[in-house]
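As stored in coords-v4.txt (compact mmCIF, C-alpha atoms):
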# COMPACT_ATOMS: atom_id res chain seq x y z
CA MET A 24 11.43 -9.38 1.65
CA ARG A 25 9.99 -5.86 1.72
CA ILE A 26 7.38 -4.15 -0.42
CA ASP A 27 7.20 -0.35 -0.29
CA ILE A 28 3.97 1.21 -1.52
CA TRP A 29 3.25 4.84 -2.29
CA SER A 30 -0.45 5.66 -2.32
CA ASP A 31 -3.08 8.21 -1.36
CA ILE A 32 -6.17 7.65 0.76
CA ALA A 33 -8.30 9.39 -1.89
CA CYS A 34 -6.98 7.30 -4.81
CA PRO A 35 -9.52 4.69 -6.00
CA TRP A 36 -6.88 2.70 -7.88
CA CYS A 37 -4.73 2.52 -4.75
CA TYR A 38 -7.39 0.49 -2.91
CA ILE A 39 -7.86 -1.74 -5.96
CA GLY A 40 -4.09 -2.20 -6.24
CA LYS A 41 -3.92 -3.09 -2.55
CA ARG A 42 -6.46 -5.86 -3.04
CA ARG A 43 -4.63 -7.23 -6.07
CA LEU A 44 -1.32 -7.29 -4.23
CA GLU A 45 -3.01 -9.06 -1.33
CA GLY A 46 -4.32 -11.64 -3.78
CA ALA A 47 -0.77 -12.25 -5.01
CA LEU A 48 0.52 -12.54 -1.45
CA GLU A 49 -2.16 -15.10 -0.58
CA GLY A 50 -0.71 -17.44 -3.19
CA PHE A 51 2.92 -16.69 -2.34
CA GLU A 52 4.54 -19.45 -0.30
CA HIS A 53 6.85 -17.01 1.50
CA ARG A 54 4.14 -14.47 2.37
CA ASP A 55 4.91 -14.69 6.10
CA ASP A 56 8.39 -13.32 5.34
CA VAL A 57 7.09 -10.25 3.48
CA GLU A 58 6.92 -6.82 5.11
CA VAL A 59 4.61 -4.24 3.52
CA VAL A 60 5.41 -0.59 4.25
CA TRP A 61 3.07 2.23 3.24
CA HIS A 62 4.37 5.61 2.10
CA SER A 63 2.55 8.91 1.70
CA PHE A 64 1.54 10.56 -1.55
CA GLU A 65 -0.91 13.43 -2.06
CA LEU A 66 -2.69 13.59 -5.38
CA ASP A 67 -3.90 17.09 -4.53
CA PRO A 68 -1.86 18.84 -1.81
CA GLY A 69 -4.18 21.82 -2.13
CA ALA A 70 -7.37 19.92 -1.34
CA PRO A 71 -9.47 21.76 1.27
CA VAL A 72 -10.20 21.12 4.93
CA PRO A 73 -13.09 20.79 5.48
CA PRO A 74 -14.34 19.62 2.07
CA THR A 75 -16.45 22.00 0.04
CA GLU A 76 -17.65 19.80 -2.82
CA LYS A 77 -17.99 16.23 -3.94
CA THR A 78 -15.15 14.56 -5.79
CA SER A 79 -17.30 14.20 -8.92
CA VAL A 80 -17.89 17.97 -9.02
CA HIS A 81 -14.19 18.64 -8.55
CA LEU A 82 -13.28 16.22 -11.36
CA ALA A 83 -15.77 17.83 -13.72
CA LYS A 84 -14.18 21.23 -13.08
CA LYS A 85 -10.65 19.91 -13.40
CA PHE A 86 -10.98 17.77 -16.50
CA GLY A 87 -14.08 19.18 -18.12
CA GLY A 88 -17.02 17.19 -19.36
CA GLY A 89 -20.57 17.02 -18.11
CA SER A 90 -21.96 15.20 -15.10
CA GLU A 91 -23.03 12.30 -17.30
CA GLN A 92 -19.48 11.74 -18.55
CA ILE A 93 -18.04 11.90 -15.01
CA ALA A 94 -20.73 9.50 -13.77
CA GLN A 95 -19.83 7.02 -16.52
CA MET A 96 -16.15 7.26 -15.68
CA THR A 97 -16.68 6.77 -11.96
CA GLN A 98 -19.05 3.87 -12.59
CA GLN A 99 -16.34 2.09 -14.57
CA VAL A 100 -13.95 2.48 -11.64
CA ALA A 101 -16.63 1.31 -9.21
CA ASP A 102 -17.31 -1.77 -11.35
CA THR A 103 -13.60 -2.63 -11.32
CA ALA A 104 -13.52 -2.20 -7.55
CA GLN A 105 -16.57 -4.43 -7.23
CA GLY A 106 -14.60 -7.13 -9.01
CA GLU A 107 -12.07 -6.96 -6.17
CA GLY A 108 -14.78 -7.18 -3.51
CA LEU A 109 -14.91 -3.42 -2.82
CA ASP A 110 -18.24 -1.59 -2.73
CA TYR A 111 -17.29 1.98 -3.65
CA ARG A 112 -19.54 4.99 -3.06
CA LEU A 113 -17.78 7.32 -5.46
CA GLU A 114 -20.90 9.41 -5.98
CA ASP A 115 -20.72 10.41 -2.30
CA THR A 116 -17.00 10.89 -1.66
CA MET A 117 -15.74 14.41 -0.99
CA HIS A 118 -12.72 16.22 -2.42
CA VAL A 119 -10.63 16.64 0.72
CA SER A 120 -7.09 16.82 2.09
CA THR A 121 -5.51 13.55 3.22
CA ARG A 122 -2.44 15.10 4.89
CA ASP A 123 -3.49 14.39 8.49
CA ALA A 124 -4.43 10.83 7.61
CA HIS A 125 -0.95 10.29 6.19
CA ARG A 126 0.63 11.71 9.33
CA LEU A 127 -1.31 9.20 11.44
CA LEU A 128 -0.06 6.39 9.22
CA HIS A 129 3.49 7.41 10.08
CA LEU A 130 2.59 7.34 13.76
CA ALA A 131 1.12 3.86 13.38
CA ARG A 132 4.29 2.50 11.80
CA GLU A 133 6.54 4.10 14.40
CA THR A 134 4.55 2.82 17.38
CA GLY A 135 3.04 -0.42 16.09
CA GLY A 136 5.16 -1.49 13.15
CA HIS A 137 4.12 -2.31 9.61
CA GLU A 138 1.21 -4.51 10.71
CA GLN A 139 -0.57 -1.76 12.63
CA GLN A 140 0.18 0.69 9.84
CA GLY A 141 -1.37 -1.70 7.33
CA THR A 142 -4.46 -2.12 9.50
CA LEU A 143 -4.92 1.64 9.74
CA LYS A 144 -4.38 2.03 5.98
CA GLU A 145 -7.15 -0.45 5.29
CA ARG A 146 -9.48 1.32 7.73
CA LEU A 147 -8.88 4.75 6.20
CA LEU A 148 -9.43 3.49 2.66
CA GLU A 149 -12.66 1.82 3.77
CA ASP A 150 -13.80 4.97 5.55
CA TYR A 151 -13.28 7.06 2.44
CA PHE A 152 -14.42 4.81 -0.39
CA VAL A 153 -16.92 2.43 1.21
CA LYS A 154 -18.40 4.69 3.91
CA ALA A 155 -17.80 8.01 2.11
CA LEU A 156 -16.54 9.65 5.32
CA ASP A 157 -14.55 12.85 5.55
CA VAL A 158 -11.01 11.61 6.26
CA SER A 159 -9.84 15.11 7.11
CA ASP A 160 -12.27 15.23 10.05
CA HIS A 161 -10.30 14.66 13.25
CA ALA A 162 -13.25 12.85 14.81
CA VAL A 163 -13.19 10.33 11.96
CA LEU A 164 -9.41 9.97 12.22
CA ARG A 165 -9.53 9.53 16.00
CA ALA A 166 -12.16 6.81 15.68
CA ALA A 167 -10.11 4.95 13.07
CA ALA A 168 -6.93 5.28 15.13
CA ALA A 169 -8.64 4.05 18.30
CA ASP A 170 -10.12 1.03 16.53
CA VAL A 171 -6.68 -0.14 15.36
CA GLY A 172 -5.12 0.34 18.81
CA LEU A 173 -3.29 3.64 18.59
CA ALA A 174 -2.93 5.39 21.95
CA GLU A 175 -5.29 8.37 22.27
CA PRO A 176 -2.66 10.76 23.73
CA GLU A 177 -0.33 10.07 20.81
CA VAL A 178 -3.09 10.54 18.27
CA ASP A 179 -4.05 13.85 19.88
CA ARG A 180 -0.41 14.94 19.85
CA VAL A 181 -0.13 14.30 16.13
CA LEU A 182 -3.44 15.87 15.15
CA THR A 183 -2.83 19.03 17.17
CA SER A 184 0.69 19.57 15.85
CA GLY A 185 2.78 19.25 12.71
CA ALA A 186 4.21 15.88 13.77
CA TYR A 187 5.34 13.68 10.86
CA ASP A 188 4.68 16.45 8.34
CA ASP A 189 8.30 16.28 7.22
CA ASP A 190 8.00 12.50 6.87
CA VAL A 191 5.04 12.89 4.55
CA SER A 192 6.98 15.37 2.41
CA ALA A 193 10.02 13.07 2.37
CA ASP A 194 7.86 10.18 1.12
CA ILE A 195 6.53 12.31 -1.72
CA GLN A 196 10.03 13.44 -2.66
CA GLN A 197 11.24 9.83 -2.70
CA ALA A 198 8.40 8.83 -5.00
CA ARG A 199 9.35 11.58 -7.42
CA ALA A 200 13.00 10.52 -7.21
CA TYR A 201 11.87 7.09 -8.38
CA GLY A 202 10.09 8.78 -11.27
CA ALA A 203 6.61 8.13 -9.88
CA ASN A 204 4.23 10.98 -10.66
CA GLY A 205 1.13 8.97 -9.80
CA VAL A 206 -0.02 6.21 -7.51
CA PRO A 207 -0.21 3.43 -6.60
CA PHE A 208 3.49 2.78 -7.00
CA PHE A 209 5.13 -0.37 -5.64
CA VAL A 210 8.80 -1.19 -5.08
CA VAL A 211 9.46 -4.87 -4.50
CA ASP A 212 12.56 -5.64 -2.44
CA GLY A 213 14.27 -2.49 -3.68
CA ARG A 214 14.60 -4.06 -7.14
CA TYR A 215 11.38 -3.79 -9.09
CA GLY A 216 9.12 -0.78 -9.52
CA ILE A 217 5.51 -1.47 -10.43
CA SER A 218 3.30 1.41 -11.47
CA GLY A 219 -0.48 1.29 -11.20
CA ALA A 220 -3.03 -1.28 -10.05
CA GLN A 221 -1.57 -4.09 -12.13
CA PRO A 222 -3.31 -7.48 -12.39
CA THR A 223 -2.66 -9.92 -9.55
CA GLU A 224 -0.48 -12.13 -11.74
CA VAL A 225 1.92 -9.23 -12.37
CA PHE A 226 2.45 -8.82 -8.64
CA ALA A 227 2.77 -12.58 -8.21
CA GLY A 228 5.49 -12.75 -10.86
CA ALA A 229 7.41 -9.89 -9.28
CA LEU A 230 7.24 -11.56 -5.87
CA ARG A 231 8.59 -14.85 -7.21
CA GLN A 232 11.37 -13.19 -9.17
CA ALA A 233 12.49 -10.93 -6.33
CA TRP A 234 12.51 -13.84 -3.89
CA ALA A 235 14.51 -16.06 -6.26
CA GLU A 236 17.12 -13.33 -6.72
CA SER A 237 17.51 -12.67 -3.00
CA HIS A 238 17.48 -16.37 -2.08
CA PRO A 239 19.48 -18.11 -4.82
CA GLN A 240 19.52 -21.89 -4.87
CA LEU A 241 22.65 -23.92 -5.57
CA THR A 242 22.82 -25.99 -8.70
CA THR A 243 24.17 -29.45 -7.92
CA ILE A 244 26.91 -30.64 -10.30
CA ALA A 245 26.53 -34.23 -11.36
CA GLY A 246 29.44 -36.42 -10.37
CA ASP A 247 30.33 -39.72 -8.75
CA ALA A 248 27.49 -40.60 -6.39
CA ASP A 249 29.91 -42.80 -4.40
CA ALA A 250 32.56 -40.11 -3.84
CA GLU A 251 33.98 -40.20 -0.31
CA ALA A 252 32.66 -37.72 2.27
CA CYS A 253 32.38 -37.15 6.02
CA GLY A 254 29.08 -37.26 7.87
CA PRO A 255 27.70 -37.35 11.43
CA ASP A 256 28.79 -40.98 11.75
CA GLY A 257 32.36 -40.34 10.70
CA CYS A 258 34.36 -40.29 7.50
CA GLU A 259 34.28 -42.89 4.82
CA VAL A 260 37.50 -44.77 4.30
CA PRO A 261 38.04 -46.27 0.85
CA GLN A 262 38.49 -50.04 0.98
CA ARG A 263 41.70 -51.37 -0.54
CA SER A 264 41.26 -54.04 -3.13

Would you put the structure from the file into C-alpha cells?
Amino acid sequence: MRIDIWSDIACPWCYIGKRRLEGALEGFEHRDDVEVVWHSFELDPGAPVPPTEKTSVHLAKKFGGGSEQIAQMTQQVADTAQGEGLDYRLEDTMHVSTRDAHRLLHLARETGGHEQQGTLKERLLEDYFVKALDVSDHAVLRAAAADVGLAEPEVDRVLTSGAYDDDVSADIQQARAYGANGVPFFVVDGRYGISGAQPTEVFAGALRQAWAESHPQLTTIAGDADAEACGPDGCEVPQRS
C-alpha cells in the first residue's frame, strides 16, 4: 500500500501531521507493506534566499495583528507540536525558500528510494523547526544530505543546477489537480484524500479501510461440513451403504 504526502519544509502542521501518521502506522499490522512517498509543495514560492526576516515578522505583515497576537498564535502551534514530541523554535525560524530542499528530496528518492527520502525529509524538518536553521543555505543542505547517505557529487550537481525543478513544479500541479490548496495533504492508496494534520485515529481508520478494500477477504458460505473434497492425501470417495 502506498501513501503519497504533499508538504512543505516550512509548514509546522506538516511535521505534526507526519508524527500523527507515524503513530497510526506504528499500530497498523501491515505497516511493513506501506510505502510513504513525499511530494513537494511551496507555501510561498516567492520566499527569499537568503532569508531577510523571521517568520513571525513575515506573518505579522501578511495577516496583520501585533507581535503579541502572532506570539500567541505560534505558541499554540508549538504547544500542539510539543504534544507530538516536537520541540519547535518558531520564534527563531526564518521566512525562506524551500525550493532547493525539495529538489534534494527528489534526488533522495531517485537514488535511495522512499526510505532515504523519508530520512532526509525528517532531517530537514528537524533542521528548520527544532534547530531553526536556514534550509536554503547550501551548507545546511549539504550537511543534511551527507548525514542521510546521499553522494556528495550528486548533491553538488543538484544544488548547482536546476535539476528536479520540473519535478517540484509537477508535484505542486498534481496537488492542485487534487484540489489541495494547502498542506499537509495525504492520499492513501490512491483512494482517500486526507487534508490537514488530522488526529492519529483518522489516519489509522483510513489505513485499515484502504487495506481492506485492496485485500478483500472471502466470506465462507455455510454448507455441509462433510462434503467430499480432494486434498494432499487424495480424494475422498463416498462409501456406499

For Tyr187 (chain A), which residue out of A:Arg43, A:Arg25, A:His125, A:His238 is the nearest one, using only C-alpha atoms? A:His125

Closest pair table for region 160-204 of chain A residues within 12 Å of region 28-33 of chain A, only C-alpha atoms, as JSON lines:
{"residue": "A:Val191", "atom": "CA", "partner": "A:Trp29", "partner_atom": "CA", "distance": 10.7}
{"residue": "A:Ala193", "atom": "CA", "partner": "A:Trp29", "partner_atom": "CA", "distance": 11.6}
{"residue": "A:Asp194", "atom": "CA", "partner": "A:Trp29", "partner_atom": "CA", "distance": 7.8}
{"residue": "A:Ile195", "atom": "CA", "partner": "A:Trp29", "partner_atom": "CA", "distance": 8.2}
{"residue": "A:Gln196", "atom": "CA", "partner": "A:Trp29", "partner_atom": "CA", "distance": 11.0}
{"residue": "A:Gln197", "atom": "CA", "partner": "A:Trp29", "partner_atom": "CA", "distance": 9.4}
{"residue": "A:Ala198", "atom": "CA", "partner": "A:Trp29", "partner_atom": "CA", "distance": 7.1}
{"residue": "A:Arg199", "atom": "CA", "partner": "A:Trp29", "partner_atom": "CA", "distance": 10.4}
{"residue": "A:Tyr201", "atom": "CA", "partner": "A:Trp29", "partner_atom": "CA", "distance": 10.8}
{"residue": "A:Gly202", "atom": "CA", "partner": "A:Trp29", "partner_atom": "CA", "distance": 12.0}
{"residue": "A:Ala203", "atom": "CA", "partner": "A:Trp29", "partner_atom": "CA", "distance": 8.9}
{"residue": "A:Asn204", "atom": "CA", "partner": "A:Trp29", "partner_atom": "CA", "distance": 10.4}

So how many Å separate CA of Val60 (chain A) and CA of Asp27 (chain A), to one decimal?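 We find that CA of Val60 (chain A) and CA of Asp27 (chain A) lie 4.9 Å from each other.
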
Report, in Å with one decimal, the straight-line distance from CA of Pro74 (chain A) to CA of Leu147 (chain A).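 Answer for the CA of Pro74 (chain A) to CA of Leu147 (chain A) separation: 16.4 Å.
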
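You will find CA of Ala167 (chain A) at 16.8 Å from CA of Tyr38 (chain A).
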
Residues at most 9 Å from Tyr111 (chain A), counting all atoms listed in the file, excluding those fewer than 3 positions away in the same chain, as number ranges by chain? A: 35, 100-102, 104-105, 114, 149, 151-155

For Gly135 (chain A), which residue among A:Gly172, A:Gly216, A:Gly87, A:Pro239 is the nearest when counting all atoms listed in the file? A:Gly172

Nearest to Glu49 (chain A), chosen from A:Phe86, A:Trp36, A:Phe226, A:Phe64, with all atoms listed in the file counted in the distances: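 Ranking A:Phe86, A:Trp36, A:Phe226, A:Phe64 by distance to Glu49 (chain A), first place goes to A:Phe226.
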
I need the residue nearest Val163 (chain A) from this list: A:Glu224, A:Asp123, A:Asp247, A:Glu138. Use all atoms listed in the file for the distance.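 With all atoms listed in the file as the atom set, the closest residue is A:Asp123.
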